[in-house]
file work13.cif (mmCIF, C-alpha atoms)
data_entry
loop_
_atom_site.label_atom_id
_atom_site.label_comp_id
_atom_site.auth_asym_id
_atom_site.auth_seq_id
_atom_site.Cartn_x
_atom_site.Cartn_y
_atom_site.Cartn_z
CA MET A 75 31.57 97.26 -1.43
CA ALA A 76 32.21 94.98 -4.38
CA VAL A 77 32.47 96.81 -7.67
CA ALA A 78 30.31 95.32 -10.40
CA LEU A 79 32.31 94.68 -13.55
CA ALA A 80 29.91 92.67 -15.63
CA SER A 81 30.84 93.25 -19.24
CA ALA A 82 29.10 96.19 -20.86
CA PHE A 83 27.86 94.08 -23.75
CA ALA A 84 26.46 91.44 -21.42
CA LEU A 85 24.84 94.11 -19.27
CA ALA A 86 23.33 95.70 -22.34
CA ALA A 87 21.92 92.44 -23.58
CA LEU A 88 20.45 91.55 -20.21
CA ALA A 89 18.88 94.98 -19.92
CA GLY A 90 17.39 94.63 -23.38
CA ALA A 91 15.88 91.29 -22.48
CA CYS A 92 13.86 92.81 -19.65
CA SER A 93 13.30 96.40 -20.85
CA PRO A 94 9.66 97.22 -21.57
CA SER A 95 8.79 97.86 -25.18
CA PRO A 96 7.16 101.17 -26.11
CA THR A 97 3.39 101.02 -25.83
CA ALA A 98 3.13 102.12 -29.42
CA ALA A 99 5.70 101.77 -32.16
CA PRO A 100 7.14 105.09 -33.31
CA SER A 101 5.94 106.35 -36.66
CA GLY A 102 7.54 104.33 -39.42
CA ALA A 103 9.06 101.76 -37.05
CA PRO A 104 9.97 98.51 -38.79
CA ALA A 105 7.64 95.60 -38.37
CA SER A 106 8.85 92.27 -36.99
CA PRO A 107 8.25 89.75 -39.77
CA THR A 108 8.32 86.02 -39.31
CA PRO A 109 11.81 84.63 -39.93
CA ALA A 110 12.20 83.42 -43.47
CA ALA A 111 14.93 82.30 -45.79
CA THR A 112 14.21 82.29 -49.49
CA THR A 113 16.20 82.51 -52.67
CA ALA A 114 16.93 86.19 -53.25
CA ALA A 115 14.58 87.65 -55.79
CA ALA A 116 12.90 90.71 -54.32
CA SER A 117 14.10 94.20 -55.19
CA PRO A 118 15.12 96.55 -52.34
CA THR A 119 12.34 98.55 -50.76
CA ALA A 120 12.44 102.07 -49.41
CA ALA A 121 14.37 102.59 -46.20
CA VAL A 122 12.37 102.11 -43.02
CA VAL A 123 12.87 105.03 -40.64
CA ALA A 124 12.07 105.06 -36.94
CA THR A 125 11.13 108.43 -35.47
CA PRO A 126 12.50 109.25 -32.01
CA GLN A 127 9.98 109.58 -29.23
CA GLY A 128 9.51 112.84 -27.34
CA SER A 129 7.65 116.10 -27.50
CA LEU A 130 10.18 117.97 -29.63
CA ASP A 131 10.22 117.80 -33.40
CA ARG A 132 12.36 115.08 -34.94
CA ILE A 133 15.52 117.02 -35.80
CA ALA A 134 15.47 119.06 -32.60
CA SER A 135 15.08 115.82 -30.64
CA TRP A 136 18.13 114.24 -32.23
CA ARG A 137 20.19 117.41 -31.84
CA ALA A 138 19.30 117.64 -28.16
CA ASP A 139 20.48 114.06 -27.67
CA ILE A 140 23.68 114.63 -29.62
CA ASP A 141 24.42 117.77 -27.60
CA SER A 142 24.07 115.82 -24.35
CA ILE A 143 26.62 113.10 -25.15
CA ILE A 144 29.90 114.85 -24.35
CA PRO A 145 28.64 116.59 -21.17
CA GLY A 146 27.28 113.21 -20.07
CA LEU A 147 30.61 111.51 -20.70
CA GLU A 148 32.40 114.21 -18.70
CA ARG A 149 29.97 113.76 -15.81
CA ILE A 150 30.42 109.97 -15.56
CA HIS A 151 33.77 108.95 -17.03
CA PRO A 152 36.98 109.64 -15.07
CA ASN A 153 38.94 110.27 -18.28
CA PRO A 154 36.56 110.47 -21.27
CA PHE A 155 39.13 111.82 -23.72
CA HIS A 156 41.87 109.21 -23.22
CA GLY A 157 41.12 107.72 -26.63
CA THR A 158 40.16 110.82 -28.63
CA SER A 159 40.66 114.48 -27.84
CA LYS A 160 37.73 116.55 -26.65
CA ALA A 161 38.10 118.84 -29.66
CA ALA A 162 37.86 115.91 -32.07
CA MET A 163 34.82 114.52 -30.30
CA GLU A 164 33.13 117.90 -30.26
CA ALA A 165 33.82 118.27 -33.98
CA ALA A 166 32.29 114.84 -34.67
CA ALA A 167 29.19 115.73 -32.65
CA ALA A 168 28.85 119.12 -34.37
CA GLU A 169 29.13 117.51 -37.80
CA LEU A 170 26.46 114.92 -36.98
CA SER A 171 24.14 117.58 -35.57
CA ALA A 172 24.59 119.84 -38.58
CA GLY A 173 23.68 117.05 -40.99
CA ALA A 174 20.76 115.68 -38.98
CA ALA A 175 18.09 116.99 -41.31
CA ASN A 176 19.48 114.92 -44.17
CA LEU A 177 19.97 111.69 -42.25
CA SER A 178 17.57 108.89 -41.42
CA ASP A 179 17.05 107.89 -37.81
CA ASP A 180 19.18 104.79 -38.27
CA GLU A 181 21.98 106.88 -39.76
CA LEU A 182 21.78 109.22 -36.77
CA MET A 183 21.84 106.25 -34.40
CA VAL A 184 24.98 104.97 -36.11
CA GLY A 185 26.47 108.47 -35.86
CA ILE A 186 25.94 108.44 -32.11
CA ALA A 187 27.50 104.97 -31.90
CA ARG A 188 30.54 106.32 -33.76
CA ILE A 189 30.90 109.23 -31.31
CA ALA A 190 30.56 106.94 -28.28
CA ALA A 191 33.18 104.56 -29.69
CA LEU A 192 35.70 107.40 -29.98
CA VAL A 193 36.18 107.12 -26.22
CA SER A 194 37.78 103.68 -26.65
CA ALA A 195 39.58 104.40 -29.93
CA ASN A 196 42.95 103.66 -28.29
CA GLY A 197 41.63 100.63 -26.41
CA CYS A 198 41.07 99.50 -22.82
CA ASP A 199 37.53 100.95 -22.60
CA GLY A 200 35.27 98.37 -24.17
CA HIS A 201 32.65 99.02 -21.49
CA THR A 202 31.90 102.45 -22.97
CA GLY A 203 29.75 102.55 -26.08
CA LEU A 204 26.34 102.27 -27.67
CA TYR A 205 25.26 98.65 -27.31
CA VAL A 206 22.09 99.25 -29.25
CA TRP A 207 20.89 95.64 -29.04
CA GLY A 208 20.31 95.90 -25.30
CA THR A 209 19.74 99.13 -23.41
CA GLY A 210 17.29 101.84 -24.33
CA SER A 211 14.01 101.79 -26.24
CA TYR A 212 15.22 102.54 -29.77
CA PRO A 213 13.56 99.82 -31.88
CA VAL A 214 16.09 97.25 -33.05
CA GLU A 215 15.80 93.71 -34.35
CA SER A 216 18.22 90.93 -35.17
CA LEU A 217 18.71 88.47 -37.95
CA PRO A 218 18.20 84.92 -36.61
CA LEU A 219 21.84 83.85 -36.87
CA ARG A 220 24.87 83.48 -34.65
CA LEU A 221 28.21 84.29 -36.24
CA TRP A 222 31.83 83.69 -35.30
CA LEU A 223 35.10 84.89 -36.74
CA PHE A 224 37.39 81.98 -37.55
CA GLY A 225 40.53 83.71 -38.78
CA ASP A 226 39.22 86.22 -41.33
CA ASP A 227 36.12 84.18 -42.18
CA VAL A 228 32.70 85.19 -40.87
CA VAL A 229 30.98 81.86 -40.31
CA ILE A 230 27.38 81.04 -39.42
CA VAL A 231 27.59 78.85 -36.30
CA ASN A 232 23.87 78.74 -35.52
CA ALA A 233 20.76 79.60 -37.51
CA ARG A 234 17.26 79.56 -36.08
CA ASP A 235 15.05 77.38 -38.27
CA HIS A 236 17.77 77.08 -40.92
CA PRO A 237 20.25 74.36 -39.93
CA GLU A 238 21.43 74.13 -43.52
CA LEU A 239 23.19 77.48 -43.07
CA VAL A 240 25.39 76.32 -40.18
CA GLY A 241 29.02 76.24 -41.27
CA ALA A 242 28.48 78.60 -44.23
CA LYS A 243 30.99 81.42 -44.78
CA ILE A 244 29.46 84.82 -45.50
CA GLU A 245 30.88 86.40 -48.65
CA SER A 246 28.79 89.56 -48.90
CA ILE A 247 25.84 91.41 -47.37
CA GLU A 248 23.52 93.29 -49.71
CA GLY A 249 26.14 92.95 -52.44
CA ARG A 250 29.02 94.42 -50.43
CA PRO A 251 32.01 92.19 -49.67
CA ILE A 252 32.03 91.11 -46.06
CA ASP A 253 35.45 92.68 -45.46
CA ASP A 254 34.05 96.05 -46.56
CA VAL A 255 31.08 95.67 -44.23
CA ARG A 256 33.38 94.84 -41.34
CA ALA A 257 35.47 97.92 -42.12
CA ALA A 258 32.36 100.11 -42.14
CA LEU A 259 31.28 98.75 -38.76
CA ASP A 260 34.69 99.01 -37.12
CA PRO A 261 34.37 102.69 -36.01
CA LEU A 262 31.14 101.88 -34.16
CA ILE A 263 32.55 99.11 -32.00
CA PRO A 264 33.78 99.78 -28.43
CA ARG A 265 37.01 98.00 -27.60
CA ASP A 266 39.65 97.05 -25.15
CA ASN A 267 41.69 95.54 -27.98
CA ALA A 268 41.41 93.89 -31.38
CA GLN A 269 39.90 90.79 -29.80
CA THR A 270 36.98 92.81 -28.42
CA VAL A 271 36.25 93.89 -31.97
CA ARG A 272 36.44 90.29 -33.21
CA LEU A 273 33.97 89.30 -30.51
CA LEU A 274 31.48 92.13 -31.05
CA THR A 275 31.52 92.42 -34.84
CA PRO A 276 29.16 89.45 -35.33
CA ARG A 277 26.48 91.07 -33.20
CA PHE A 278 26.67 94.37 -35.09
CA LEU A 279 26.48 92.48 -38.39
CA LEU A 280 23.09 91.04 -37.44
CA ILE A 281 21.15 94.23 -36.68
CA PRO A 282 19.26 95.59 -39.73
CA GLN A 283 19.00 99.05 -38.20
CA VAL A 284 22.79 99.21 -37.94
CA LEU A 285 23.19 97.93 -41.49
CA ARG A 286 20.74 100.58 -42.68
CA GLY A 287 22.64 103.18 -40.69
CA ILE A 288 25.86 102.45 -42.60
CA GLY A 289 23.96 102.69 -45.89
CA LEU A 290 23.73 98.98 -46.55
CA ALA A 291 20.33 97.40 -46.00
CA ASN A 292 16.98 98.87 -47.01
CA ASP A 293 14.53 97.03 -44.78
CA SER A 294 14.34 94.30 -42.18
CA SER A 295 15.16 91.59 -44.69
CA VAL A 296 18.87 91.28 -45.51
CA ARG A 297 20.46 89.49 -48.44
CA PHE A 298 23.53 87.35 -47.84
CA ARG A 299 25.81 85.60 -50.26
CA TYR A 300 27.46 82.64 -48.63
CA THR A 301 29.57 79.62 -49.48
CA ALA A 302 28.74 76.17 -48.18
CA ALA A 303 30.27 72.89 -49.36
CA GLY A 304 32.10 74.79 -52.10
CA VAL A 305 28.87 76.23 -53.56
CA SER A 306 28.01 79.94 -53.51
CA ARG A 307 24.37 80.86 -52.89
CA GLU A 308 22.23 83.84 -51.92
CA VAL A 309 19.57 83.98 -49.24
CA ASP A 310 17.22 86.64 -47.87
CA LEU A 311 16.79 86.50 -44.11
CA ALA A 312 14.06 88.39 -42.27
CA SER A 313 14.79 89.86 -38.87
CA ILE A 314 13.07 88.93 -35.63
CA PRO A 315 12.36 91.03 -32.51
CA MET A 316 15.41 91.41 -30.29
CA VAL A 317 13.58 89.87 -27.34
CA ASP A 318 12.98 86.75 -29.45
CA TYR A 319 16.62 86.69 -30.50
CA ASN A 320 17.79 86.90 -26.89
CA SER A 321 15.40 84.13 -25.88
CA TRP A 322 16.90 81.93 -28.59
CA ALA A 323 20.60 82.84 -28.48
CA GLY A 324 20.82 83.95 -24.86
CA ALA A 325 20.82 87.53 -23.65
CA TYR A 326 24.58 87.71 -24.09
CA GLY A 327 24.51 86.04 -27.50
CA LEU A 328 28.26 86.14 -28.18
CA HIS A 329 29.53 82.77 -27.01
CA LEU A 330 30.64 80.18 -29.52
CA PRO A 331 27.82 77.60 -29.44
CA LEU A 332 28.16 73.86 -29.41
CA PRO A 333 28.68 72.35 -32.87
CA PRO A 334 25.55 70.58 -34.15
CA THR A 335 27.11 67.12 -34.27
CA HIS A 336 29.08 67.31 -31.00
CA PRO A 337 26.75 68.42 -28.18
CA ASP A 338 29.13 67.32 -25.41
CA VAL A 339 32.24 69.37 -26.14
CA ARG A 340 33.64 70.08 -22.69
CA TYR A 341 34.63 73.73 -22.96
CA LEU A 342 31.32 74.77 -24.59
CA SER A 343 28.80 72.52 -22.86
CA ARG A 344 28.40 74.28 -19.49
CA VAL A 345 29.03 77.96 -20.20
CA ASP A 346 26.01 79.05 -18.15
CA GLU A 347 27.49 77.59 -14.95
CA ALA A 348 29.62 80.09 -13.04
CA LEU A 349 32.17 77.53 -11.79
CA TRP A 350 32.63 73.82 -12.30
CA TRP A 351 35.46 71.30 -12.50
CA GLU A 352 36.21 67.67 -13.25
CA MET A 353 39.11 65.29 -13.57
CA LEU A 354 40.02 64.68 -17.19
CA PRO A 355 40.25 61.19 -18.66
CA ASP A 356 44.02 61.11 -18.18
CA GLY A 357 43.34 60.80 -14.43
CA ALA A 358 45.95 63.44 -13.57
CA THR A 359 44.55 66.78 -14.83
CA LEU A 360 41.91 68.80 -13.00
CA TYR A 361 39.98 70.95 -15.45
CA VAL A 362 38.38 74.05 -13.88
CA GLN A 363 36.05 76.28 -15.86
CA TYR A 364 35.29 79.70 -14.33
CA ASN A 365 32.65 81.49 -16.40
CA ARG A 366 31.57 84.40 -14.18
CA VAL A 367 33.66 86.33 -11.67
CA GLU A 368 31.31 85.93 -8.76
CA SER A 369 31.74 84.46 -5.32
CA PRO A 370 31.84 80.67 -5.45
CA GLY A 371 30.42 80.47 -1.92
CA SER A 372 30.79 76.97 -0.52
CA GLY A 373 32.19 75.91 -3.87
CA LEU A 374 35.44 77.61 -2.95
CA THR A 375 36.15 75.05 -0.24
CA ASP A 376 35.13 72.19 -2.51
CA LEU A 377 37.43 73.42 -5.25
CA ARG A 378 40.30 73.84 -2.80
CA ASP A 379 39.83 70.22 -1.76
CA ALA A 380 39.74 69.11 -5.40
CA LEU A 381 42.94 70.98 -6.16
CA ALA A 382 44.65 69.33 -3.19
CA ALA A 383 43.72 65.79 -4.21
CA PRO A 384 46.88 63.64 -4.45
CA GLU A 385 46.10 62.40 -7.95
CA VAL A 386 46.13 65.94 -9.39
CA ALA A 387 49.38 66.44 -11.27
CA ARG A 388 48.34 69.56 -13.20
CA VAL A 389 45.51 72.08 -13.33
CA VAL A 390 43.85 73.79 -16.30
CA LEU A 391 41.87 76.96 -15.50
CA ASP A 392 39.63 77.83 -18.46
CA LEU A 393 38.56 81.50 -18.68
CA ARG A 394 37.50 81.43 -22.32
CA ASN A 395 33.81 81.97 -21.53
CA ASN A 396 34.28 84.45 -18.68
CA PHE A 397 33.18 88.00 -19.54
CA GLY A 398 33.57 89.32 -16.00
CA GLY A 399 31.43 90.07 -12.99
CA GLU A 400 32.62 91.36 -9.62
CA VAL A 401 36.00 92.45 -8.26
CA SER A 402 35.54 91.12 -4.73
CA PRO A 403 36.07 87.39 -5.54
CA LEU A 404 39.43 87.96 -7.23
CA ASP A 405 41.59 87.66 -4.10
CA ALA A 406 40.02 84.35 -3.13
CA MET A 407 40.38 82.92 -6.62
CA VAL A 408 44.01 83.99 -6.91
CA ASP A 409 44.71 82.45 -3.49
CA LEU A 410 43.45 79.10 -4.76
CA PHE A 411 45.85 78.98 -7.65
CA ASP A 412 48.94 80.57 -6.11
CA ASP A 413 48.95 77.91 -3.41
CA PRO A 414 52.41 76.25 -3.61
CA ALA A 415 50.75 72.87 -4.00
CA VAL A 416 49.11 74.08 -7.23
CA ASP A 417 51.52 76.72 -8.50
CA GLN A 418 54.36 74.54 -9.70
CA PRO A 419 56.32 74.97 -12.96
CA GLY A 420 54.61 73.00 -15.69
CA GLN A 421 51.60 72.24 -13.50
CA LEU A 422 49.28 75.27 -13.84
CA PHE A 423 47.77 76.39 -17.17
CA VAL A 424 45.34 79.23 -17.88
CA VAL A 425 43.28 79.28 -21.09
CA THR A 426 41.98 82.63 -22.37
CA GLY A 427 39.92 83.77 -25.35
CA ARG A 428 38.15 86.72 -26.89
CA ASN A 429 35.35 86.41 -24.29
CA THR A 430 37.85 86.80 -21.42
CA PHE A 431 36.94 90.36 -20.49
CA SER A 432 36.46 92.85 -17.66
CA SER A 433 37.21 91.40 -14.22
CA ALA A 434 38.13 88.09 -15.88
CA SER A 435 40.99 89.87 -17.62
CA MET A 436 42.01 91.28 -14.22
CA LEU A 437 42.08 87.73 -12.86
CA ALA A 438 44.25 86.58 -15.76
CA ALA A 439 46.63 89.50 -15.21
CA ARG A 440 46.97 88.73 -11.53
CA LEU A 441 47.61 85.05 -12.17
CA GLU A 442 50.29 86.03 -14.67
CA ALA A 443 51.94 88.31 -12.10
CA GLU A 444 51.55 86.12 -9.01
CA THR A 445 51.93 82.55 -10.28
CA ASP A 446 54.05 80.48 -12.66
CA ALA A 447 51.01 79.69 -14.78
CA GLN A 448 51.47 79.18 -18.49
CA PHE A 449 48.92 80.90 -20.72
CA LEU A 450 47.44 79.40 -23.87
CA GLY A 451 44.43 79.77 -26.12
CA GLU A 452 43.82 83.00 -27.97
CA PRO A 453 44.47 86.54 -26.69
CA MET A 454 41.87 87.72 -24.24
CA GLY A 455 39.34 90.39 -25.16
CA GLY A 456 40.05 92.56 -22.14
CA CYS A 457 42.96 94.69 -20.98
CA PRO A 458 44.72 93.92 -17.69
CA THR A 459 43.91 97.47 -16.54
CA PHE A 460 40.93 99.24 -18.08
CA TYR A 461 37.98 101.59 -17.61
CA GLY A 462 34.81 99.88 -16.39
CA ASP A 463 31.99 99.77 -13.84
CA VAL A 464 29.43 101.17 -16.27
CA GLU A 465 26.69 103.71 -15.71
CA GLU A 466 23.93 104.49 -18.16
CA LEU A 467 23.72 107.76 -20.10
CA PRO A 468 20.13 107.92 -21.43
CA LEU A 469 19.40 109.95 -24.55
CA PRO A 470 15.67 110.30 -23.89
CA ASN A 471 14.40 111.71 -27.16
CA SER A 472 15.82 108.96 -29.36
CA GLY A 473 15.46 106.19 -26.78
CA LEU A 474 19.16 105.34 -27.04
CA THR A 475 21.32 104.67 -24.00
CA VAL A 476 25.10 104.99 -24.02
CA LEU A 477 26.97 102.88 -21.48
CA VAL A 478 29.82 104.81 -19.85
CA SER A 479 32.72 103.58 -17.73
CA ALA A 480 32.74 105.21 -14.32
CA THR A 481 36.01 103.96 -12.81
CA HIS A 482 39.58 103.00 -13.70
CA GLU A 483 39.98 99.33 -12.80
CA VAL A 484 43.48 98.11 -12.02
CA GLY A 485 44.47 94.51 -12.54
CA VAL A 486 48.06 94.63 -11.30
CA ALA A 487 49.35 98.17 -11.93
CA ALA A 488 47.62 101.45 -12.73
CA ASP A 489 50.25 102.28 -15.36
CA ASP A 490 49.91 98.93 -17.14
CA THR A 491 49.05 100.00 -20.69
CA ARG A 492 49.12 96.52 -22.20
CA GLN A 493 46.02 95.57 -24.14
CA THR A 494 46.40 91.88 -23.36
CA ILE A 495 48.85 89.49 -21.73
CA PRO A 496 51.28 87.41 -23.78
CA LEU A 497 50.51 83.78 -24.51
CA ASP A 498 53.00 80.98 -24.00
CA ALA A 499 51.22 79.01 -26.72
CA VAL A 500 48.54 79.99 -29.24
CA ALA A 501 45.55 77.67 -29.56
CA GLU A 502 42.93 79.58 -31.52
CA ILE A 503 40.21 77.25 -32.66
CA THR A 504 39.61 76.78 -36.38
CA GLN A 505 36.26 76.19 -38.00
CA GLU A 506 37.23 72.62 -38.73
CA GLU A 507 38.22 71.98 -35.09
CA TRP A 508 34.96 73.53 -33.85
CA ALA A 509 32.86 71.44 -36.25
CA ALA A 510 34.71 68.30 -35.19
CA GLY A 511 34.23 68.97 -31.48
CA GLU A 512 37.93 69.40 -30.84
CA ASP A 513 39.63 71.63 -28.28
CA PRO A 514 43.01 72.91 -29.52
CA ALA A 515 43.99 74.15 -26.05
CA LEU A 516 43.69 70.71 -24.48
CA ASP A 517 45.23 69.18 -27.59
CA LEU A 518 48.32 71.32 -26.96
CA LEU A 519 48.57 69.70 -23.54
CA ARG A 520 48.05 66.30 -25.15
CA ILE A 521 44.73 65.84 -23.38
CA ALA A 522 42.03 64.23 -25.45
CA ALA A 523 38.81 66.24 -25.93
CA PRO A 524 35.98 66.36 -25.06
#

call {"tool": "encode", "arguments": {"input": "work13.cif", "output": "structure tokens"}}
result
Amino acid sequence: MAVALASAFALAALAGACSPSPTAAPSGAPASPTPAATTAAASPTAAVVATPQGSLDRIASWRADIDSIIPGLERIHPNPFHGTSKAAMEAAAAELSAGAANLSDDELMVGIARIAALVSANGCDGHTGLYVWGTGSYPVESLPLRLWLFGDDVVIVNARDHPELVGAKIESIEGRPIDDVRAALDPLIPRDNAQTVRLLTPRFLLIPQVLRGIGLANDSSVRFRYTAAGVSREVDLASIPMVDYNSWAGAYGLHLPLPPTHPDVRYLSRVDEALWWEMLPDGATLYVQYNRVESPGSGLTDLRDALAAPEVARVVLDLRNNFGGEVSPLDAMVDLFDDPAVDQPGQLFVVTGRNTFSSASMLAARLEAETDAQFLGEPMGGCPTFYGDVEELPLPNSGLTVLVSATHEVGVAADDTRQTIPLDAVAEITQEEWAAGEDPALDLLRIAAP
């Protein structure tokens, strides 16, 4: 049977897009105001607190959920203490439970996220964690932005109803420098490696309930200070329901979107297609983009024919938008590219990025081991060997659901402890290149983009 390895964060988002909402909002649950952006002027309001559902009283409900986390991890995960010792995790859970009476619901939710993230503290377990934007019924919203980390800058790359914000660099949130906010969020974020954190941080930054949980925001409107065109401004943004956010940004919501003025950039224009290819304008390079590890079906034969075409002098396999899928197609995909007609020195190139995760990182690892491919782009977000194949651990009183890895997935070797594979050439896109519709990976190969 094929083992499903869709990325945990994608799975969470998809689940959130189709999960039924509670028939009645819990007492004190935040409303879902219409998105708005106005010059900051309002003073902070009192914290909005969501009460967990269930028949027990509030504190007993949270404590029951906290007490169930570690036994649940032990039941599902083959090695739940590979990142943090059991004693340390039990101490963290006991401390959170003891302080529950003095914490808001959002602070308790963040506390559970911190405990769940301890599993992956040493990496290679980004599937395990509390992806609060997707699974479960705990009420969460999102600010109507999409963010991307270009170097150390947190940049707005899409803004629903506010195109003037696109390209702005965020300086602070609710008066706290953005670097401090990122540091406060870091312990909550599941990870395979540092690139997983770079990928996921933008999504955590957009959830008011998470910001409230780290003691930052006070309600569903969040104040940003940003810089655009050399001018620093402030703006208040109201959150929208998560289902609306997913409808706008996509249930995954973590891909780099097309730049506003260049809607035809090749590597970003067809990210929803599992597999596609085309000859590049140089007439000698076949560009193949594989965005989901799923069976290509009849497309496998068509791609094999395309790779064998006499005019093909080199092949570029782009995995930058591939967050995983199934294990079963890996053998067939590797066979395509380790064919002697394709696998020639200087002929085969693989492009990776922070979205290259789960079974896509296994594919990259196998191509590194079994072919002469050269790797370029930015480091992938997944480990070559990792924990995956998630199962849900529901915490019924709070409505939270922790995703837990259930198997140890081996790319090439079970004892491979690397958190990524080395690159032959770095081609991490800059904000300026993104805005201009350029592709630094193809530029390295002297292939004009788009």

call {"tool": "atom_distance", "arguments": {"input": "work13.cif", "atom1": "atom CA of A:Pro152", "atom2": "atom CA of A:Gly200"}}
result
14.6 Å

call {"tool": "closest_residue", "arguments": {"input": "work13.cif", "among": "A:Asp409, A:Glu483, A:Glu181, A:Glu442", "to": "A:Asp498", "atoms": "all atoms listed in the file"}}
result
A:Glu442

call {"tool": "resolve_selection", "arguments": {"input": "work13.cif", "expression": "the PyMOL selection byres ((chain A and resi 252-257) around 9)", "output": "PyMOL selection string"}}
result
chain A and resi 226-228+244-247+249-251+258-261+275+279+285+288+290

call {"tool": "write_last_selection", "arguments": {"input": "work13.cif", "atoms": "C-alpha atoms", "output": "mmCIF file, in the coordinates of the input"}}
result
data_model
loop_
_atom_site.group_PDB
_atom_site.id
_atom_site.type_symbol
_atom_site.label_atom_id
_atom_site.label_comp_id
_atom_site.auth_asym_id
_atom_site.auth_seq_id
_atom_site.Cartn_x
_atom_site.Cartn_y
_atom_site.Cartn_z
ATOM 1 C CA ASP A 226 39.220 86.220 -41.330
ATOM 2 C CA ASP A 227 36.120 84.180 -42.180
ATOM 3 C CA VAL A 228 32.700 85.190 -40.870
ATOM 4 C CA ILE A 244 29.460 84.820 -45.500
ATOM 5 C CA GLU A 245 30.880 86.400 -48.650
ATOM 6 C CA SER A 246 28.790 89.560 -48.900
ATOM 7 C CA ILE A 247 25.840 91.410 -47.370
ATOM 8 C CA GLY A 249 26.140 92.950 -52.440
ATOM 9 C CA ARG A 250 29.020 94.420 -50.430
ATOM 10 C CA PRO A 251 32.010 92.190 -49.670
ATOM 11 C CA ALA A 258 32.360 100.110 -42.140
ATOM 12 C CA LEU A 259 31.280 98.750 -38.760
ATOM 13 C CA ASP A 260 34.690 99.010 -37.120
ATOM 14 C CA PRO A 261 34.370 102.690 -36.010
ATOM 15 C CA THR A 275 31.520 92.420 -34.840
ATOM 16 C CA LEU A 279 26.480 92.480 -38.390
ATOM 17 C CA LEU A 285 23.190 97.930 -41.490
ATOM 18 C CA ILE A 288 25.860 102.450 -42.600
ATOM 19 C CA LEU A 290 23.730 98.980 -46.550
#

call {"tool": "atom_distance", "arguments": {"input": "work13.cif", "atom1": "atom CA of A:Ser306", "atom2": "atom CA of A:Asp318"}}
result
29.2 Å

call {"tool": "resolve_selection", "arguments": {"input": "work13.cif", "expression": "the PyMOL selection byres ((chain A and resi 421-433) around 6)", "output": "number ranges by chain"}}
result
A: 79, 81, 269, 388-398, 417-420, 434-436, 447-456

call {"tool": "residues_around", "arguments": {"input": "work13.cif", "residues": "A:Ala233", "least_positions_apart": "4", "cutoff": "7 Å", "atoms": "only C-alpha atoms", "output": "mmCIF file with C-alpha atoms, keeping the file's coordinate frame"}}
result
data_model
loop_
_atom_site.group_PDB
_atom_site.id
_atom_site.type_symbol
_atom_site.label_atom_id
_atom_site.label_comp_id
_atom_site.auth_asym_id
_atom_site.auth_seq_id
_atom_site.Cartn_x
_atom_site.Cartn_y
_atom_site.Cartn_z
ATOM 1 C CA PRO A 218 18.200 84.920 -36.610
ATOM 2 C CA LEU A 219 21.840 83.850 -36.870
ATOM 3 C CA ARG A 220 24.870 83.480 -34.650
ATOM 4 C CA PRO A 237 20.250 74.360 -39.930
ATOM 5 C CA LEU A 239 23.190 77.480 -43.070
ATOM 6 C CA VAL A 240 25.390 76.320 -40.180
#

call {"tool": "closest_residue", "arguments": {"input": "work13.cif", "among": "A:Ser216, A:Thr475, A:Ser343, A:Thr504", "to": "A:Leu204", "atoms": "all atoms listed in the file"}}
result
A:Thr475

call {"tool": "residues_around", "arguments": {"input": "work13.cif", "residues": "A:Ala175", "least_positions_apart": "6", "cutoff": "10 Å", "atoms": "only C-alpha atoms", "output": "NGL selection string"}}
result
:A and (132-134 or 136-137 or 182)

call {"tool": "atom_distance", "arguments": {"input": "work13.cif", "atom1": "atom CA of A:Tyr212", "atom2": "atom CA of A:His329"}}
result
24.6 Å

call {"tool": "residues_around", "arguments": {"input": "work13.cif", "residues": "stretch 505-510 of chain A", "least_positions_apart": "6", "cutoff": "8 Å", "atoms": "all atoms listed in the file", "output": "JSON list (two decimals) with C-alpha atoms, keeping the file's coordinate frame"}}
result
[["chain", "number", "residue", "atom", "x", "y", "z"],
["A", 224, "PHE", "CA", 37.39, 81.98, -37.55],
["A", 241, "GLY", "CA", 29.02, 76.24, -41.27],
["A", 333, "PRO", "CA", 28.68, 72.35, -32.87],
["A", 334, "PRO", "CA", 25.55, 70.58, -34.15],
["A", 335, "THR", "CA", 27.11, 67.12, -34.27],
["A", 336, "HIS", "CA", 29.08, 67.31, -31.00]]

call {"tool": "resolve_selection", "arguments": {"input": "work13.cif", "expression": "the PyMOL selection byres ((chain A and resi 403) around 9)", "output": "PyMOL selection string"}}
result
chain A and resi 76+367-370+400-402+404-408

call {"tool": "closest_residue", "arguments": {"input": "work13.cif", "among": "A:Leu497, A:Val484, A:Val476, A:Leu221", "to": "A:Ile144", "atoms": "all atoms listed in the file"}}
result
A:Val476

call {"tool": "residues_around", "arguments": {"input": "work13.cif", "residues": "A:Val229", "least_positions_apart": "3", "cutoff": "6 Å", "atoms": "all atoms listed in the file", "output": "list in words"}}
result
Leu221, Trp222, Ala242 and Lys243 of chain A

call {"tool": "closest_residue", "arguments": {"input": "work13.cif", "among": "A:Asp517, A:Asp346, A:Glu444, A:Glu385", "to": "A:Gly327", "atoms": "all atoms listed in the file"}}
result
A:Asp346

call {"tool": "residues_around", "arguments": {"input": "work13.cif", "residues": "A:Arg265", "least_positions_apart": "6", "cutoff": "8 Å", "atoms": "all atoms listed in the file", "output": "PyMOL selection string"}}
result
chain A and resi 191+194-195+197-201+271
